[in-house]
Amino acid sequence: MKYLYKLVLFVFIASPAAYYAQGFQVNLQGQVQQGMGGAGTACMQDAASLFFNPGGASFVNGNSVIAGVTPTFARGAFMDANTHQVSRTNSPVSTPFAAYGLFEIKDSSKLKLGLAVYTPFGSTVQWEDKWTGRFALTRLELRAIFFQPTVSYKITKKLGIGAGFVFATGKVNLQKDIPLMDANGNYGHAELSGKAQGYGFNAGIYFEPIEKLSIGLTYRSKVKMAVNDGQATFNVPSSVAANFPSGKFKSELPLPSVTTLGFGYKASSKLNFALDINYVGWKAYDTLSFDYENNTTSLIDTKSARMYKNTFAFRAGAQYKIDSHFAARLGLAYGMTPVQNGYVTPETPDANRVNYTAGIGYETKHLKIDASFLFTHLKRTDTNTETNLSGTFKTNVVAPGISIGYKF
């Protein structure tokens, strides 16, 4: 029984928080860029450049504020490899958002200051009751908000640099059933919840070597989200309650760095192309550890290997200005999964993915309205080495978005 307690605890601890570090890396920080496959490192079109390339933000004309939201509808299913039973998610709608303010400094045409607030990680995954993998996960809710004050400086008419300090704050709640029954046949339940904070930076260079070509290079640093006062709650049969005392815990969850090389090409006064190549430092997430305030022979501090790998993503898009007010956009993105075989979890049944995007924009002297649409489909078959959950995950994601901006 002592071995069983440790095994149950290890299964609970080792997998769910992977979602916080891996899961749902949200690349929905600007409606113009979303419509173009998420590419925007070398195309300075609006205040969202504060996120995509701080070095190019000084090339955006005038002062402006933008706020946008992208409701995200994700529907997942899992087919158990042994029983062929199909389970589905009942996840609520997620609402990643972004807001930007970009301002010129009086008497200076080269220096700009800005503030970006965005949600690069966040979602809620809710599996149906009594599903096959309930001992791996029943519900996970994640919220992470980044605040980024930024300075951007135009060194010459062709070259700009910029950087922003990042303060990240968030919270996480993870729940799952435990395979220990009480006298009424009810399984135990466990919940981990806590608030986290971290720090990082976003820096970039923007360069226009020739009239129609622009190049951008950015680096968004790794952010270590520290949970210093988390709460672990165990609801288990009274006969083993002393082995699972509820109490505080500490953990550190790394969010990966992203290095991006971007290219922009103005084919004509109406037609623009953009290409971004992302290198994502997921390898930083090789181990997940938890330090519990109340230890017992069963509730011990743990370290679990995650062994994520660094990956690439490729994002390409085009924008066509129909007239002086309207623009249409199309995009395509391909992202490689950082999750190696044996580590796929129901929190984020990640796989190599293709994102299909489209968008439209309307602009006047002061008003700017942009909308985008994203669709992606994921499929992954795997057997998790820790939970032994084996089968095929399928996920469809639809994300329509809209933003409103004001220029002055």
# chains A, B, ... in the order shown; residues from 1 in each chain; ligands from 1
>>> select_by_dssp(residues="segment 168-377 of chain A", states="strand (DSSP E)", output="PyMOL selection string")
chain A and resi 168-181+187-207+213-220+223-235+247-255+258-266+271-280+287-292+302-305+311-321+326-335+353-363+367-377
>>> write_last_selection(atoms="C-alpha atoms", output="compact mmCIF listing (two decimals), in the first residue's frame")
# COMPACT_ATOMS: atom_id res chain seq x y z
CA ALA A 168 4.17 37.96 -15.77
CA THR A 169 1.41 37.02 -13.38
CA GLY A 170 -0.96 34.10 -13.48
CA LYS A 171 -2.82 31.34 -11.73
CA VAL A 172 -3.42 27.65 -12.28
CA ASN A 173 -5.95 25.10 -11.05
CA LEU A 174 -5.53 21.41 -11.83
CA GLN A 175 -7.83 18.59 -10.81
CA LYS A 176 -7.97 14.82 -11.24
CA ASP A 177 -9.42 11.72 -9.67
CA ILE A 178 -7.29 9.34 -7.57
CA PRO A 179 -7.73 5.55 -7.90
CA LEU A 180 -8.56 5.02 -4.21
CA MET A 181 -12.19 4.18 -3.39
CA TYR A 187 -12.83 7.72 -6.06
CA GLY A 188 -10.58 10.21 -4.32
CA HIS A 189 -9.93 13.62 -5.82
CA ALA A 190 -6.93 15.93 -5.88
CA GLU A 191 -6.54 19.62 -6.67
CA LEU A 192 -3.50 21.84 -7.10
CA SER A 193 -4.02 25.59 -7.24
CA GLY A 194 -1.81 28.58 -6.92
CA LYS A 195 -0.67 31.97 -8.15
CA ALA A 196 2.59 32.46 -10.03
CA GLN A 197 4.86 35.34 -10.99
CA GLY A 198 7.89 35.69 -13.24
CA TYR A 199 10.08 38.18 -15.08
CA GLY A 200 11.68 38.42 -18.51
CA PHE A 201 12.20 40.71 -21.49
CA ASN A 202 11.37 41.17 -25.16
CA ALA A 203 14.01 42.76 -27.43
CA GLY A 204 14.30 43.29 -31.16
CA ILE A 205 16.06 44.85 -34.15
CA TYR A 206 14.36 46.11 -37.30
CA PHE A 207 16.21 46.83 -40.56
CA LEU A 213 12.59 44.47 -48.08
CA SER A 214 12.50 44.54 -44.28
CA ILE A 215 14.16 42.20 -41.78
CA GLY A 216 13.45 41.70 -38.09
CA LEU A 217 15.18 39.75 -35.36
CA THR A 218 13.67 39.36 -31.89
CA TYR A 219 14.29 37.47 -28.69
CA ARG A 220 11.63 36.89 -26.05
CA VAL A 223 10.13 33.35 -17.97
CA LYS A 224 10.33 31.25 -14.81
CA MET A 225 6.89 31.28 -13.23
CA ALA A 226 7.39 30.69 -9.52
CA VAL A 227 4.56 29.26 -7.43
CA ASN A 228 5.62 30.02 -3.85
CA ASP A 229 2.36 29.60 -1.98
CA GLY A 230 0.33 26.97 -3.82
CA GLN A 231 -2.42 24.94 -2.18
CA ALA A 232 -2.64 21.15 -2.55
CA THR A 233 -5.97 19.63 -1.51
CA PHE A 234 -6.54 15.87 -1.30
CA ASN A 235 -9.96 14.30 -0.80
CA GLY A 247 -1.16 21.99 2.55
CA LYS A 248 1.15 24.40 0.78
CA PHE A 249 3.62 23.64 -1.99
CA LYS A 250 6.26 25.38 -4.11
CA SER A 251 7.15 24.87 -7.74
CA GLU A 252 8.83 26.60 -10.66
CA LEU A 253 7.41 26.33 -14.15
CA PRO A 254 9.50 27.63 -17.10
CA LEU A 255 7.84 29.32 -20.06
CA VAL A 258 11.40 32.46 -28.51
CA THR A 259 13.92 33.66 -31.09
CA THR A 260 12.39 34.92 -34.33
CA LEU A 261 13.82 35.89 -37.69
CA GLY A 262 11.31 37.71 -39.86
CA PHE A 263 11.14 39.00 -43.42
CA GLY A 264 8.75 41.44 -45.03
CA TYR A 265 8.41 42.22 -48.73
CA LYS A 266 6.34 45.01 -50.31
CA LEU A 271 0.44 43.78 -51.68
CA ASN A 272 2.68 42.78 -48.73
CA PHE A 273 4.19 39.42 -47.79
CA ALA A 274 5.52 38.34 -44.39
CA LEU A 275 7.50 35.34 -43.14
CA ASP A 276 8.50 34.50 -39.56
CA ILE A 277 10.74 31.66 -38.41
CA ASN A 278 10.44 30.92 -34.68
CA TYR A 279 12.92 28.89 -32.65
CA VAL A 280 11.26 27.99 -29.35
CA THR A 287 12.09 18.54 -15.21
CA LEU A 288 9.03 19.32 -13.13
CA SER A 289 9.54 19.42 -9.36
CA PHE A 290 7.32 20.05 -6.36
CA ASP A 291 8.33 20.92 -2.80
CA TYR A 292 5.60 20.17 -0.25
CA THR A 302 9.14 14.94 -6.36
CA LYS A 303 11.10 15.48 -9.53
CA SER A 304 9.69 14.25 -12.81
CA ALA A 305 11.48 14.18 -16.15
CA THR A 311 11.29 23.30 -31.88
CA PHE A 312 10.72 25.47 -34.94
CA ALA A 313 7.58 27.16 -36.21
CA PHE A 314 7.10 28.77 -39.63
CA ARG A 315 4.51 31.50 -40.21
CA ALA A 316 3.71 33.12 -43.55
CA GLY A 317 1.04 35.50 -44.76
CA ALA A 318 -0.02 38.13 -47.25
CA GLN A 319 -2.02 41.33 -47.10
CA TYR A 320 -3.78 42.99 -50.00
CA LYS A 321 -5.15 46.54 -49.72
CA PHE A 326 -10.16 47.90 -46.67
CA ALA A 327 -7.50 45.17 -46.55
CA ALA A 328 -7.75 41.38 -46.89
CA ARG A 329 -5.31 38.86 -45.40
CA LEU A 330 -4.42 35.16 -45.67
CA GLY A 331 -1.90 33.09 -43.78
CA LEU A 332 -0.50 29.66 -43.04
CA ALA A 333 1.62 28.42 -40.13
CA TYR A 334 3.33 25.14 -39.33
CA GLY A 335 4.47 24.36 -35.79
CA ARG A 353 0.11 21.37 -36.46
CA VAL A 354 -0.92 23.51 -39.42
CA ASN A 355 -2.82 26.74 -38.75
CA TYR A 356 -5.01 28.20 -41.49
CA THR A 357 -5.81 31.89 -41.07
CA ALA A 358 -7.65 34.73 -42.78
CA GLY A 359 -8.48 38.31 -41.90
CA ILE A 360 -9.94 41.61 -42.95
CA GLY A 361 -9.31 45.19 -41.87
CA TYR A 362 -11.06 48.56 -42.08
CA GLU A 363 -9.19 51.81 -41.49
CA LEU A 367 -10.34 54.40 -36.49
CA LYS A 368 -8.92 50.92 -37.09
CA ILE A 369 -10.95 47.70 -36.96
CA ASP A 370 -9.43 44.30 -37.72
CA ALA A 371 -10.82 40.79 -37.60
CA SER A 372 -9.19 37.40 -38.06
CA PHE A 373 -10.06 33.71 -38.16
CA LEU A 374 -7.92 30.67 -37.33
CA PHE A 375 -8.55 26.95 -37.71
CA THR A 376 -6.29 24.06 -36.77
CA HIS A 377 -6.63 20.30 -36.31
>>> residues_around(residues="Trp282 of chain A", least_positions_apart="6", cutoff="12 Å", atoms="only C-alpha atoms", output="number ranges by chain")
A: 18, 21-23, 25, 221-223, 253-259, 306-312, 336-340
>>> select_by_dssp(residues="segment 121-255 of chain A", states="helix (DSSP H, G or I)", output="VMD selection string")
chain A and resid 238 to 243
>>> write_last_selection(atoms="C-alpha atoms", output="mmCIF file, in the first residue's frame")
data_model
loop_
_atom_site.group_PDB
_atom_site.id
_atom_site.type_symbol
_atom_site.label_atom_id
_atom_site.label_comp_id
_atom_site.auth_asym_id
_atom_site.auth_seq_id
_atom_site.Cartn_x
_atom_site.Cartn_y
_atom_site.Cartn_z
ATOM 1 C CA SER A 238 -10.400 8.397 5.658
ATOM 2 C CA SER A 239 -8.268 5.279 6.034
ATOM 3 C CA VAL A 240 -5.444 6.904 4.061
ATOM 4 C CA ALA A 241 -6.152 10.601 4.769
ATOM 5 C CA ALA A 242 -3.115 10.899 7.041
ATOM 6 C CA ASN A 243 -0.885 9.946 4.120
#
>>> closest_residue(among="A:Val151, A:Lys365, A:Arg139, A:Arg134", to="His325 of chain A", atoms="only C-alpha atoms")
A:Lys365
>>> residues_around(residues="Asn82 of chain A", least_positions_apart="4", cutoff="12 Å", atoms="only C-alpha atoms", output="ChimeraX atom specification")
/A:78,86,132,383,388-392
>>> closest_residue(among="A:Pro349, A:Gly68, A:Gly281, A:Gly342", to="Ile404 of chain A", atoms="only C-alpha atoms")
A:Gly68
>>> closest_residue(among="A:Ala136, A:Ala57, A:Ala99, A:Met36", to="Thr345 of chain A", atoms="only C-alpha atoms")
A:Ala136
>>> closest_residue(among="A:Lys154, A:Asp129, A:Gly30, A:Leu50", to="Thr70 of chain A", atoms="only C-alpha atoms")
A:Gly30
>>> atom_distance(atom1="atom CA of Ser152 of chain A", atom2="atom CA of Leu102 of chain A")
9.7 Å
